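A.B. asks: Have a look at this one.
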Amino acid sequence: MTRTKAAAWAGGASYLLVVGLLVGGAPRASGTVHGVGALLAVSLLAGVVRRMPLPALAMTLFGSTVVVAGTPGSVHQSLAASYQGQFLSYLAVDLVLGFIVATCARRAWVVAVAVSAAVQLLVIGGFAHGDSQAVNAVIALLAMAASCTAGLLSRERREHAVALRAQEVAEAVTAERLRIARELHDMVAHSIGVIAIQAGVGSRVIQTQPAQAREALRAIEATSRQTLSGLRRTLVSLRQDDRAATTSQQSPLAPSPGLADLERLAAATADAGVRVDVRRSGEQRPVPAEIDLSAYRIVQEALTNVVRHAGTGRCRVAIDYGDEELSVEVVDDGRGATGNGSAHGFGIIGMRERVALLGGHLSAGPRPEGGFRVTARLPLPAPLGVPAEAR
């Protein structure tokens with residue numbers, strides 16, 4: 001930082017030195033040469049402008065005024081030609097002014113514009129004569145207006161970009177919160193439902209049927225362990241940015257569940273009193289991880305609703321591996337949706353969100369013949385090496 005600041009101040013000193021050399025070292029040169037030279041010398045102030053724009057403006061105002069005041073008009077030239085050339089040095093002031101308008105606070109750039117306008121108009125009024133006085137004043141005001149307009153446009157574009165980034169961050173945070181909510185709901189709701197039912201069964205038969213009570217307790221223990229493992233996996237996924245934390249895990253994390261785990265899910269649901277008939281059709285093949293997890297979570301949530309709301313002892317799960325989509329259907333013959341049933345909770349909402357993120361379609365509602373049906377259709381990507389038009 002100190003070296004950069006020293007370099008900036010060195011550039012400022014060099015600018016003033018160049019201005020002095022222009023005025024003192026070439027007194028017979030035309031005003032145009034002095035003006036263009038001072039305009040090019042402003043590049044030496046790049047470091048000062050970036051770090052301290054207001055002192056840079058003061059330097060350019062001083063240097064440009066010295067160029068204008070130190071360049072005498074030649075008796076052999078028209079006054080208009082001589083003075084119009086040396087006023088070119090004020091274009092350097094306008095460049096710095098545009099940067100100040102684009103980057104500094106409103107009060108600072110308003111004061112800077114007012115001071116610059118006053119200095120330029122006073123100098124033009126003092127050193128320009130006749131018709132050139134009005135012409136140079138109009139040109140100076142137009143150049144200053146153009147630089148300020150460019151600065152305002154740059155400020156608005158930067159502020160708009162910042163607002164867009166903030167909106168993207170907020171949307172990303174919201175999407176992540178919804179994803180976590182869906183994961184926790186689908187994972188915990190099913191497990192807690194199974195645990196609640198098993199605990200109720202165990203408490204009723206613990207005196208008369210201790211063997212069945214022990215089975216219920218074992219089911220509660222297994223379900224609790226699976227839930228804890230899922231929660232641990234979810235929490236670790238939230239810390240993936242901390243590489244040290246993820247690499248220091250002593251035991252490997254269990255993979256995310258998928259369609260291959262449906263039989264285990266069906267067995268856990270059967271322990272809760274609902275027998276699940278899992279049927280698969282089509283060419284069974286690996287599917288993308290996000291589709292595999294979403295399909296599993298949809299089945300899990302639908303089975304949770306069956307256990308909690310359907311009032312039936314059996315249901316059917318159908319998985320169809322189509323050429324272009326994966327179809328998941330969960331059907332029961334229970335009492336369907338009730339006034340406070342699953343259709344009014346977060347489960348159906350979560351399923352719809354999962355399917356929408358994958359570009360699929362979900363339908364959930366009571367069947368005319370009784371019971372409830374949940375159907376999800378998830379698009380599958382084209383197999384590698386197979387053209388889309390050939391499918």
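Here, A, B, ... name the chains of the structure tokens in the order displayed, residue numbers run from 1 inside each chain, and ligands are numbered from 1 in the same displayed order.
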Excluding region 317-330 of chain A and residues on its chain fewer than 5 positions from it, collect all residues at most 7 Å away from it, counting only C-alpha atoms, and give them as a compact mmCIF listing (two decimals) with C-alpha atoms, in the first residue's frame.

C.D. replies:
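For reference, out_24.txt as written:
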# COMPACT_ATOMS: atom_id res chain seq x y z
CA VAL A 276 -45.68 -51.43 0.00
CA ASP A 277 -45.72 -53.18 -3.37
CA VAL A 278 -42.79 -51.85 -5.44
CA ARG A 279 -43.02 -52.43 -9.18
CA ARG A 280 -40.43 -51.43 -11.77
CA SER A 281 -40.88 -51.37 -15.53
CA GLY A 282 -38.89 -50.28 -18.53
CA GLU A 283 -35.16 -50.52 -19.04
CA GLN A 284 -33.67 -50.04 -15.59
CA ALA A 295 -37.57 -39.56 -7.20
CA VAL A 299 -41.79 -41.71 -2.98
CA ALA A 302 -45.91 -39.99 -0.56
CA ARG A 373 -52.52 -40.92 -6.23
CA VAL A 374 -49.21 -39.09 -6.60
CA THR A 375 -47.62 -39.13 -10.06
CA ALA A 376 -44.34 -37.46 -11.00
CA ARG A 377 -42.84 -37.36 -14.48
CA LEU A 378 -39.15 -36.39 -14.56
CA PRO A 379 -37.43 -35.76 -17.92
CA LEU A 380 -34.33 -37.86 -18.55

A.B. asks: Looking at A:Val162, A:Ala146, A:Val307, A:Ala114, which one is nearest to Ile195 (chain A), with distances taken over only C-alpha atoms?

C.D. replies: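 Of all the options, A:Val307 lies closest to Ile195 (chain A).
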
A.B. asks: Do you know which residues are at most 7 Å from Leu45 (chain A) counting only C-alpha atoms, after dropping those on the same chain fewer than 3 positions away, and could you put them as a list in words?

C.D. replies: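 The residues that qualify are Gly11, Gly12, Tyr15, Val42, Val48, Val49 and Ala56 of chain A.
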
A.B. asks: Using DSSP secondary structure from the backbone, list all strand (DSSP E or B) positions within region 84-308 of chain A, as a PyMOL selection string.

C.D. replies: chain A and resi 275-282

A.B. asks: Write to file, as a short mmCIF file (atom, residue, chain, number, x, y, z; two decimals), in the first residue's frame, the residues of the selection just made, with C-alpha atoms.

C.D. replies:
data_model
loop_
_atom_site.label_atom_id
_atom_site.label_comp_id
_atom_site.auth_asym_id
_atom_site.auth_seq_id
_atom_site.Cartn_x
_atom_site.Cartn_y
_atom_site.Cartn_z
CA ARG A 275 -47.28 -52.88 3.12
CA VAL A 276 -45.68 -51.43 0.00
CA ASP A 277 -45.72 -53.18 -3.37
CA VAL A 278 -42.79 -51.85 -5.44
CA ARG A 279 -43.02 -52.43 -9.18
CA ARG A 280 -40.43 -51.43 -11.77
CA SER A 281 -40.88 -51.37 -15.53
CA GLY A 282 -38.89 -50.28 -18.53
#

A.B. asks: Go through region 66-300 of chain A and collect every residue that DSSP, computed from the backbone, puts in helix (DSSP H, G or I); the answer should be as a ChimeraX atom specification.

C.D. replies: /A:66-70,79-103,106-127,131-205,210-238,243-247,259-271,289-300

A.B. asks: Could you state the separation of CA of Leu91 (chain A) and CA of Met144 (chain A) in Å, given to one decimal place?

C.D. replies: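 Straight-line distance from CA of Leu91 (chain A) to CA of Met144 (chain A) works out to 8.1 Å.
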
A.B. asks: Hey, can you check how far CA of Phe87 (chain A) sits from CA of Ala108 (chain A)?

C.D. replies: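 Here the two named atoms are 24.9 Å from each other.
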
A.B. asks: Looking at only C-alpha atoms, which of A:Ala163, A:Ile348, A:Ile291, A:Ala118 is the one that sits closest to Gly360 (chain A)?

C.D. replies: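 Using only C-alpha atoms, the shortest distance to Gly360 (chain A) belongs to A:Ile291.
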